[in-house]
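Structure data follow from my_file.csv (CSV, C-alpha atoms):
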```
chain,number,residue,atom,x,y,z
I,1,MET,CA,-54.5,47.7,29.2
I,2,GLU,CA,-55.3,49.8,32.3
I,3,GLU,CA,-53.7,50.6,35.6
I,4,LYS,CA,-55.3,47.5,37.2
I,5,ILE,CA,-54.0,45.7,40.3
I,6,LEU,CA,-53.2,42.1,39.5
I,7,SER,CA,-53.3,38.9,41.4
I,8,GLU,CA,-49.9,37.1,41.7
I,9,LYS,CA,-50.9,34.5,39.1
I,10,GLU,CA,-52.1,37.2,36.7
I,11,SER,CA,-48.7,39.0,37.2
I,12,LEU,CA,-46.7,36.0,36.1
I,13,GLU,CA,-49.0,35.4,33.1
I,14,LEU,CA,-48.6,39.0,32.0
I,15,ILE,CA,-44.8,38.9,32.4
I,16,SER,CA,-44.5,35.7,30.4
I,17,LYS,CA,-46.9,37.1,27.7
I,18,MET,CA,-44.9,40.3,27.4
I,19,ILE,CA,-41.5,38.5,27.2
I,20,SER,CA,-42.8,36.2,24.5
I,21,GLU,CA,-43.7,39.3,22.5
I,22,THR,CA,-40.1,40.2,22.3
I,23,LYS,CA,-38.8,36.8,21.3
I,24,ASN,CA,-36.4,36.8,18.4
I,25,LYS,CA,-38.7,36.7,15.4
I,26,LEU,CA,-37.5,37.3,11.9
I,27,GLU,CA,-38.1,40.8,10.6
I,28,ARG,CA,-39.7,41.7,7.3
I,29,GLY,CA,-37.0,42.4,4.8
I,30,GLY,CA,-34.3,41.2,7.2
I,31,GLY,CA,-32.3,39.9,4.3
I,32,ASN,CA,-32.5,43.1,2.3
I,33,ILE,CA,-29.3,44.6,3.7
I,34,PHE,CA,-27.4,41.4,2.7
I,35,LEU,CA,-29.0,41.7,-0.8
I,36,LEU,CA,-28.1,45.4,-1.1
I,37,TRP,CA,-24.4,44.8,-0.4
I,38,GLY,CA,-24.3,41.5,-2.3
I,39,TYR,CA,-25.8,42.8,-5.5
I,40,LEU,CA,-23.7,46.0,-5.2
I,41,GLY,CA,-20.5,44.0,-4.8
I,42,VAL,CA,-21.3,41.7,-7.8
I,43,CYS,CA,-22.4,44.6,-10.1
I,44,VAL,CA,-19.5,46.9,-9.3
I,45,SER,CA,-17.0,44.0,-9.6
I,46,LEU,CA,-18.3,43.0,-13.0
I,47,ILE,CA,-18.4,46.6,-14.2
I,48,VAL,CA,-14.8,47.2,-13.1
I,49,TYR,CA,-13.7,43.9,-14.6
I,50,GLY,CA,-15.4,44.5,-17.9
I,51,LEU,CA,-14.2,48.1,-18.2
I,52,LEU,CA,-10.6,47.1,-17.3
I,53,ASN,CA,-10.6,44.5,-20.0
I,54,PHE,CA,-12.3,46.7,-22.5
I,55,THR,CA,-10.4,50.0,-22.0
I,56,GLU,CA,-7.2,48.9,-20.2
I,57,ASN,CA,-7.5,52.1,-18.3
I,58,TYR,CA,-6.7,51.6,-14.6
I,59,ALA,CA,-8.6,54.7,-13.6
I,60,VAL,CA,-11.8,52.6,-13.7
I,61,GLN,CA,-10.6,51.2,-10.4
I,62,TRP,CA,-12.1,54.4,-8.8
I,63,LEU,CA,-15.5,52.8,-9.5
I,64,TRP,CA,-14.9,50.6,-6.5
I,65,PHE,CA,-15.9,53.6,-4.4
I,66,LEU,CA,-19.4,53.2,-5.9
I,67,ILE,CA,-19.9,50.4,-3.3
I,68,PRO,CA,-19.7,52.7,-0.2
I,69,VAL,CA,-21.1,55.7,-2.0
I,70,ILE,CA,-24.3,53.9,-3.0
I,71,GLY,CA,-24.3,51.3,-0.2
I,72,TYR,CA,-24.2,53.4,3.0
I,73,PRO,CA,-26.9,55.9,2.1
I,74,ALA,CA,-29.1,53.1,0.8
I,75,MET,CA,-28.5,51.0,3.9
I,76,PHE,CA,-29.5,53.9,6.3
I,77,PHE,CA,-32.6,54.6,4.1
I,78,MET,CA,-33.6,51.0,4.3
I,79,LYS,CA,-32.9,50.8,8.1
I,80,GLY,CA,-35.1,53.9,8.7
I,81,LYS,CA,-38.0,52.4,6.7
I,82,SER,CA,-37.9,49.0,8.4
I,83,HIS,CA,-37.6,50.5,11.9
I,84,THR,CA,-39.6,48.2,14.3
I,85,GLY,CA,-39.7,50.5,17.3
I,86,SER,CA,-37.6,48.2,19.5
I,87,VAL,CA,-33.9,47.1,19.6
I,88,THR,CA,-33.2,43.5,20.9
I,89,PHE,CA,-29.9,42.7,22.6
I,90,ILE,CA,-29.0,40.5,19.6
I,91,GLY,CA,-29.8,43.4,17.2
I,92,SER,CA,-27.7,45.7,19.2
I,93,VAL,CA,-24.7,43.3,19.2
I,94,ILE,CA,-25.0,42.9,15.4
I,95,SER,CA,-25.2,46.6,14.8
I,96,LYS,CA,-22.0,47.1,16.8
I,97,ILE,CA,-20.2,44.4,14.9
I,98,TRP,CA,-21.0,46.1,11.6
I,99,ILE,CA,-20.1,49.6,12.9
I,100,VAL,CA,-16.6,48.3,13.8
I,101,ILE,CA,-16.3,46.5,10.4
I,102,GLY,CA,-17.7,49.6,8.6
I,103,VAL,CA,-15.1,51.9,10.3
I,104,CYS,CA,-12.3,49.4,9.4
I,105,THR,CA,-13.3,49.2,5.7
I,106,ILE,CA,-13.5,53.0,5.5
I,107,LEU,CA,-10.0,53.4,7.0
I,108,VAL,CA,-8.6,50.8,4.6
I,109,SER,CA,-10.3,52.6,1.7
I,110,ILE,CA,-8.7,55.9,2.8
I,111,SER,CA,-5.3,54.2,3.0
I,112,ILE,CA,-5.4,53.2,-0.6
I,113,LEU,CA,-5.9,56.9,-1.6
I,114,TYR,CA,-2.4,57.4,-0.1
I,115,ASP,CA,-0.8,54.4,-1.8
I,116,TYR,CA,-2.8,51.8,-3.6
I,117,THR,CA,0.0,49.3,-3.4
I,118,LEU,CA,0.2,49.5,0.3
I,119,LEU,CA,-2.4,46.8,1.1
I,120,PRO,CA,-4.0,43.8,-0.6
I,121,ILE,CA,-7.3,45.7,-0.6
I,122,LEU,CA,-9.7,43.1,-1.9
I,123,PHE,CA,-8.3,40.5,0.5
I,124,ILE,CA,-8.6,42.8,3.5
I,125,MET,CA,-12.1,44.0,2.5
I,126,SER,CA,-13.3,40.4,1.9
I,127,LEU,CA,-11.8,39.1,5.2
I,128,LEU,CA,-13.5,41.9,7.1
I,129,VAL,CA,-16.9,41.5,5.5
I,130,THR,CA,-16.8,37.7,5.7
I,131,ALA,CA,-15.9,37.8,9.4
I,132,GLY,CA,-18.9,40.1,9.9
I,133,VAL,CA,-21.3,37.8,8.0
I,134,THR,CA,-20.0,34.8,10.0
I,135,MET,CA,-20.4,36.6,13.4
I,136,SER,CA,-23.9,37.8,12.4
I,137,GLY,CA,-24.9,34.3,11.4
I,138,LEU,CA,-23.6,32.8,14.6
I,139,VAL,CA,-25.2,35.5,16.9
I,140,LEU,CA,-28.5,35.2,15.0
I,141,LYS,CA,-28.2,31.4,15.0
I,142,PHE,CA,-28.9,31.7,11.2
I,143,LYS,CA,-26.9,28.8,9.7
I,144,PRO,CA,-26.9,29.8,6.0
I,145,ALA,CA,-25.1,33.1,6.9
I,146,ALA,CA,-22.7,31.4,9.3
I,147,VAL,CA,-21.8,28.7,6.7
I,148,ALA,CA,-21.6,31.2,3.8
I,149,GLY,CA,-19.4,33.5,6.0
I,150,PHE,CA,-17.0,30.6,6.8
I,151,ILE,CA,-16.8,29.7,3.1
I,152,GLY,CA,-16.1,33.4,2.4
I,153,ILE,CA,-13.3,33.5,4.9
I,154,VAL,CA,-11.6,30.6,3.2
I,155,LEU,CA,-12.2,32.1,-0.3
I,156,SER,CA,-10.7,35.4,0.9
I,157,PHE,CA,-7.3,33.7,1.1
I,158,VAL,CA,-7.8,32.5,-2.5
I,159,LEU,CA,-7.6,36.2,-3.4
I,160,LEU,CA,-3.9,36.2,-2.3
I,161,LEU,CA,-3.1,33.3,-4.7
I,162,VAL,CA,-4.6,34.5,-8.0
I,163,SER,CA,-3.8,37.3,-10.4
I,164,TRP,CA,-5.2,40.8,-9.6
I,165,LYS,CA,-7.6,40.7,-12.5
I,166,SER,CA,-9.0,37.2,-11.4
I,167,GLN,CA,-9.3,38.6,-7.9
I,168,ILE,CA,-12.1,40.8,-9.1
I,169,LEU,CA,-14.1,37.8,-10.3
I,170,VAL,CA,-13.4,35.9,-7.1
I,171,PHE,CA,-14.6,38.9,-5.2
I,172,ALA,CA,-17.9,38.9,-7.3
I,173,ALA,CA,-18.4,35.2,-6.6
I,174,MET,CA,-17.8,35.8,-2.9
I,175,SER,CA,-20.4,38.6,-2.8
I,176,ALA,CA,-22.9,36.2,-4.3
I,177,ILE,CA,-22.1,33.3,-2.0
I,178,MET,CA,-21.8,35.2,1.3
I,179,LEU,CA,-24.4,37.9,0.9
I,180,ILE,CA,-26.9,37.2,-1.9
I,181,ILE,CA,-27.7,33.6,-1.1
I,182,PRO,CA,-28.1,34.1,2.7
I,183,GLY,CA,-30.2,37.3,2.0
I,184,HIS,CA,-32.7,35.4,-0.2
I,185,ILE,CA,-32.8,32.5,2.3
I,186,LEU,CA,-33.5,35.0,5.2
I,187,ASN,CA,-36.3,36.7,3.3
I,188,SER,CA,-37.8,33.4,2.3
I,189,ALA,CA,-37.7,32.2,6.0
I,190,PHE,CA,-39.6,35.4,7.0
I,191,ARG,CA,-42.2,34.7,4.4
I,192,LYS,CA,-42.6,31.1,5.7
I,193,GLN,CA,-42.9,32.4,9.3
I,194,GLN,CA,-45.6,34.8,8.2
I,195,LYS,CA,-47.5,32.1,6.3
I,196,ASN,CA,-47.3,29.8,9.4
I,197,ALA,CA,-48.5,32.7,11.7
I,198,ASN,CA,-51.5,33.3,9.3
I,199,ASN,CA,-52.4,29.6,9.4
I,200,VAL,CA,-52.5,29.4,13.2
O,1,MET,CA,-43.2,35.5,55.6
O,2,PHE,CA,-44.4,37.1,52.4
O,3,LYS,CA,-42.4,39.9,51.0
O,4,GLU,CA,-44.3,43.0,50.1
O,5,LEU,CA,-44.8,43.4,46.4
O,6,ASP,CA,-43.4,46.7,44.9
O,7,PRO,CA,-46.6,48.8,44.4
O,8,LEU,CA,-45.0,50.5,41.4
O,9,LEU,CA,-44.7,47.2,39.6
O,10,HIS,CA,-47.8,45.5,40.9
O,11,SER,CA,-50.0,47.2,38.3
O,12,GLN,CA,-50.9,45.8,34.9
O,13,LEU,CA,-49.6,48.4,32.6
O,14,ARG,CA,-46.4,49.3,34.4
O,15,LEU,CA,-45.5,45.6,34.9
O,16,ALA,CA,-46.2,45.0,31.2
O,17,VAL,CA,-43.8,47.9,30.2
O,18,ILE,CA,-41.0,46.7,32.6
O,19,SER,CA,-41.4,43.1,31.4
O,20,LEU,CA,-41.0,44.2,27.7
O,21,LEU,CA,-38.0,46.4,28.5
O,22,MET,CA,-36.3,43.6,30.5
O,23,SER,CA,-36.0,41.6,27.3
O,24,LEU,CA,-35.0,44.5,25.0
O,25,GLU,CA,-32.1,47.0,24.7
O,26,GLU,CA,-34.6,49.7,24.1
O,27,ALA,CA,-38.2,50.3,22.8
O,28,ASP,CA,-40.0,53.3,21.6
O,29,PHE,CA,-43.4,54.7,22.7
O,30,VAL,CA,-45.3,53.3,19.6
O,31,PHE,CA,-43.9,49.8,20.1
O,32,LEU,CA,-44.8,49.8,23.8
O,33,ARG,CA,-48.3,51.1,23.0
O,34,GLU,CA,-48.9,48.4,20.4
O,35,LYS,CA,-47.6,45.6,22.6
O,36,THR,CA,-49.5,46.6,25.7
O,37,GLY,CA,-52.7,47.8,23.9
O,38,ALA,CA,-52.7,50.9,26.2
O,39,THR,CA,-54.0,54.3,25.3
O,40,ALA,CA,-51.3,56.9,24.6
O,41,GLY,CA,-52.4,59.1,27.5
O,42,ASN,CA,-52.3,56.3,30.0
O,43,LEU,CA,-49.0,55.0,28.8
O,44,SER,CA,-47.5,58.4,29.0
O,45,VAL,CA,-48.6,58.7,32.7
O,46,GLN,CA,-47.2,55.3,33.6
O,47,LEU,CA,-43.9,55.9,31.8
O,48,GLU,CA,-43.6,59.1,33.7
O,49,LYS,CA,-44.1,57.3,37.0
O,50,LEU,CA,-41.5,54.6,36.1
O,51,SER,CA,-39.1,57.3,35.0
O,52,GLU,CA,-39.5,59.3,38.2
O,53,ALA,CA,-38.8,56.1,40.3
O,54,GLY,CA,-35.6,55.7,38.3
O,55,TYR,CA,-36.8,52.3,36.9
O,56,ILE,CA,-36.5,53.5,33.2
O,57,GLU,CA,-34.7,56.1,31.2
O,58,VAL,CA,-36.7,58.1,28.7
O,59,ALA,CA,-35.0,59.8,25.8
O,60,LYS,CA,-36.6,62.1,23.2
O,61,SER,CA,-35.2,62.3,19.7
O,62,PHE,CA,-36.3,62.5,16.1
O,63,LEU,CA,-36.6,59.7,13.5
O,64,GLY,CA,-36.6,61.7,10.2
O,65,LYS,CA,-39.0,64.5,10.9
O,66,ARG,CA,-41.1,62.6,13.5
O,67,PRO,CA,-40.5,62.9,17.2
O,68,ARG,CA,-39.6,59.6,18.9
O,69,THR,CA,-39.6,58.7,22.6
O,70,THR,CA,-37.3,55.8,23.5
O,71,CYS,CA,-37.3,53.9,26.8
O,72,ARG,CA,-34.8,51.6,28.3
O,73,ILE,CA,-34.7,49.9,31.7
O,74,THR,CA,-32.1,51.1,34.2
O,75,ALA,CA,-30.0,48.9,36.6
O,76,GLN,CA,-32.4,50.0,39.4
O,77,GLY,CA,-35.4,48.9,37.3
O,78,GLN,CA,-33.8,45.5,36.6
O,79,LYS,CA,-33.2,45.0,40.3
O,80,ALA,CA,-36.7,46.0,41.2
O,81,PHE,CA,-38.1,43.6,38.6
O,82,GLU,CA,-35.9,40.7,39.9
O,83,GLU,CA,-37.0,41.4,43.5
O,84,TYR,CA,-40.7,41.6,42.3
O,85,ILE,CA,-40.3,38.1,40.7
O,86,GLU,CA,-38.7,36.7,43.9
O,87,ALA,CA,-41.5,38.2,46.0
O,88,ILE,CA,-44.2,36.8,43.8
O,89,LYS,CA,-42.6,33.3,43.8
O,90,GLY,CA,-43.2,33.4,47.6
O,91,TYR,CA,-46.9,34.0,47.2
O,92,ILE,CA,-47.4,31.3,44.6
O,93,GLY,CA,-45.2,28.9,46.5
```
Please re-express this file's structure in structure tokens.
Amino acid sequence: MEEKILSEKESLELISKMISETKNKLERGGGNIFLLWGYLGVCVSLIVYGLLNFTENYAVQWLWFLIPVIGYPAMFFMKGKSHTGSVTFIGSVISKIWIVIGVCTILVSISILYDYTLLPILFIMSLLVTAGVTMSGLVLKFKPAAVAGFIGIVLSFVLLLVSWKSQILVFAAMSAIMLIIPGHILNSAFRKQQKNANNV
Amino acid sequence: MFKELDPLLHSQLRLAVISLLMSLEEADFVFLREKTGATAGNLSVQLEKLSEAGYIEVAKSFLGKRPRTTCRITAQGQKAFEEYIEAIKGYIG
């Protein structure tokens, strides 16, 4: 493209072509962040649950901190690798939603260092994350995430009704439903989009 | 009466850049070069002109170890683009 002067018709064609280039297309590996947090949630929950039953040592609860310790660096690494060179308005809104949720979860985690009986930690964490998944799904108009997020919000309240050991299993199930399933669906939708684009 | 078209926007590459930035929060130099198919040298010159006119903001940063130039449209740039569209509508009727 050069510094060519355009006719009025050519101008409009160019504007419409450029705007269509920025339409919301699914990004490669868009579901990977969901999968990262989902598998991490399931694995850590099952490890904590197994070790608690096996050792009866409550210090294994410290292992919950593996989720942010592994999750945040891995997420920033993946985001850096999948950088597309542009930020859409929707992408920016979703980032801001997760920044707020991230800050809230960190503050809640810090509060349990002070007194672990202070808050129903799994309930609060689940509610925050499911709210984030639902909002992301709604903003992206990605139904599986919105539906999974709503199911997750309802399941969060189940955490208040069951014993604390069972809460860990419910939390693992929630991670699978609200993060792993939408993550795989999102990646599969991207593959389909690529296949269709190649066939055109 | 036809409105005069903004000479800064009535040029292929600058209009392409502004059109892309109108629909994005921000875009980096590599993205703009790929989408417009322009050469790096030409794109740099045109970005400089748009930046001097106050139509875009250009920020330099690093992504890892690589330098990165990010552009975003300003309120003035958005207004100029909207006026350009209005003017061009008059020509096409």
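With distances taken over all atoms listed in the file, O:His10 is the one residue among O:His10, O:Lys65, O:Arg33, O:Lys49 lying closest to chain I.
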Contacts of chain I with chain O up to 9 Å, shortest pair per row, all atoms listed in the file, as a Markdown table:
```
| residue | atom | partner | partner_atom | distance |
| --- | --- | --- | --- | --- |
| I:Met1 | CA | O:Ala38 | CA | 4.7 |
| I:Glu2 | CA | O:Leu13 | CA | 5.9 |
| I:Glu3 | CA | O:Leu13 | CA | 5.5 |
| I:Lys4 | CA | O:Gln12 | CA | 5.2 |
| I:Ile5 | CA | O:Ser11 | CA | 4.7 |
| I:Leu6 | CA | O:Ser11 | CA | 6.1 |
| I:Ser7 | CA | O:His10 | CA | 8.6 |
| I:Glu8 | CA | O:Ile88 | CA | 6.1 |
| I:Lys9 | CA | O:Ile92 | CA | 7.3 |
| I:Glu10 | CA | O:Gln12 | CA | 8.9 |
| I:Ser11 | CA | O:Gln12 | CA | 7.5 |
| I:Leu12 | CA | O:Ile88 | CA | 8.1 |
| I:Leu14 | CA | O:Ala16 | CA | 6.5 |
| I:Ile15 | CA | O:Ser19 | CA | 5.5 |
| I:Ser16 | CA | O:Ser19 | CA | 8.1 |
| I:Lys17 | CA | O:Ala16 | CA | 8.7 |
| I:Met18 | CA | O:Leu20 | CA | 5.5 |
| I:Ile19 | CA | O:Leu20 | CA | 5.7 |
| I:Ser20 | CA | O:Leu20 | CA | 8.8 |
| I:Glu21 | CA | O:Lys35 | CA | 7.4 |
| I:Thr22 | CA | O:Ser23 | CA | 6.6 |
| I:Lys23 | CA | O:Ser23 | CA | 8.2 |
| I:Gly80 | CA | O:Leu63 | CA | 7.7 |
| I:Thr84 | CA | O:Phe31 | CA | 7.4 |
| I:Gly85 | CA | O:Phe31 | CA | 5.1 |
| I:Ser86 | CA | O:Ala27 | CA | 4.0 |
| I:Val87 | CA | O:Glu26 | CA | 5.2 |
| I:Thr88 | CA | O:Leu24 | CA | 4.6 |
| I:Phe89 | CA | O:Glu25 | CA | 5.3 |
| I:Ile90 | CA | O:Glu25 | CA | 8.8 |
| I:Gly91 | CA | O:Glu25 | CA | 8.6 |
| I:Ser92 | CA | O:Glu25 | CA | 7.2 |
```
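For the pair CA of Met178 (chain I) and CA of Ala148 (chain I), the interatomic distance is 4.7 Å.
Relative to CA of Tyr39 (chain I), CA of Phe142 (chain I) is found at 20.3 Å.
Across the structure, CA of Ile70 (chain I) and CA of Pro67 (chain O) are spaced 27.4 Å apart.
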Practice task
Return the single residue from I:Trp62, I:Trp164, I:Ala74, I:Gly38 that is closest to Leu113 (chain I), with distances computed using all atoms listed in the file.
Solution key: I:Trp62
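The closest residue to Ser95 (chain I), picked from I:Pro120, I:Ser136, I:Lys81, I:Pro68 and counting only C-alpha atoms, is I:Ser136.
With all atoms listed in the file as the atoms that count, the residue of I:Ile185, I:Ile151, I:Tyr49, I:Cys43 with the shortest distance to Val133 (chain I) is I:Ile151.
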Problem - Residue neighbourhood Ala53 (chain O), 10 Å, only C-alpha atoms, exclusion window fewer than 5 positions, as a ChimeraX atom specification - result: /O:8,47-48,76-77
Handout entry: Distance query 10 Å from (-8.3, 45.1, -1.7) using only C-alpha atoms, result as number ranges by chain
Key = I: 64, 105, 108-109, 112, 116-127, 159-160, 164, 167-168, 171
Residues as selected, C-alpha atoms, written as a CSV table (one decimal), keeping the file's coordinate frame, can you do that?
```csv
chain,number,residue,atom,x,y,z
I,64,TRP,CA,-14.9,50.6,-6.5
I,105,THR,CA,-13.3,49.2,5.7
I,108,VAL,CA,-8.6,50.8,4.6
I,109,SER,CA,-10.3,52.6,1.7
I,112,ILE,CA,-5.4,53.2,-0.6
I,116,TYR,CA,-2.8,51.8,-3.6
I,117,THR,CA,0.0,49.3,-3.4
I,118,LEU,CA,0.2,49.5,0.3
I,119,LEU,CA,-2.4,46.8,1.1
I,120,PRO,CA,-4.0,43.8,-0.6
I,121,ILE,CA,-7.3,45.7,-0.6
I,122,LEU,CA,-9.7,43.1,-1.9
I,123,PHE,CA,-8.3,40.5,0.5
I,124,ILE,CA,-8.6,42.8,3.5
I,125,MET,CA,-12.1,44.0,2.5
I,126,SER,CA,-13.3,40.4,1.9
I,127,LEU,CA,-11.8,39.1,5.2
I,159,LEU,CA,-7.6,36.2,-3.4
I,160,LEU,CA,-3.9,36.2,-2.3
I,164,TRP,CA,-5.2,40.8,-9.6
I,167,GLN,CA,-9.3,38.6,-7.9
I,168,ILE,CA,-12.1,40.8,-9.1
I,171,PHE,CA,-14.6,38.9,-5.2
```
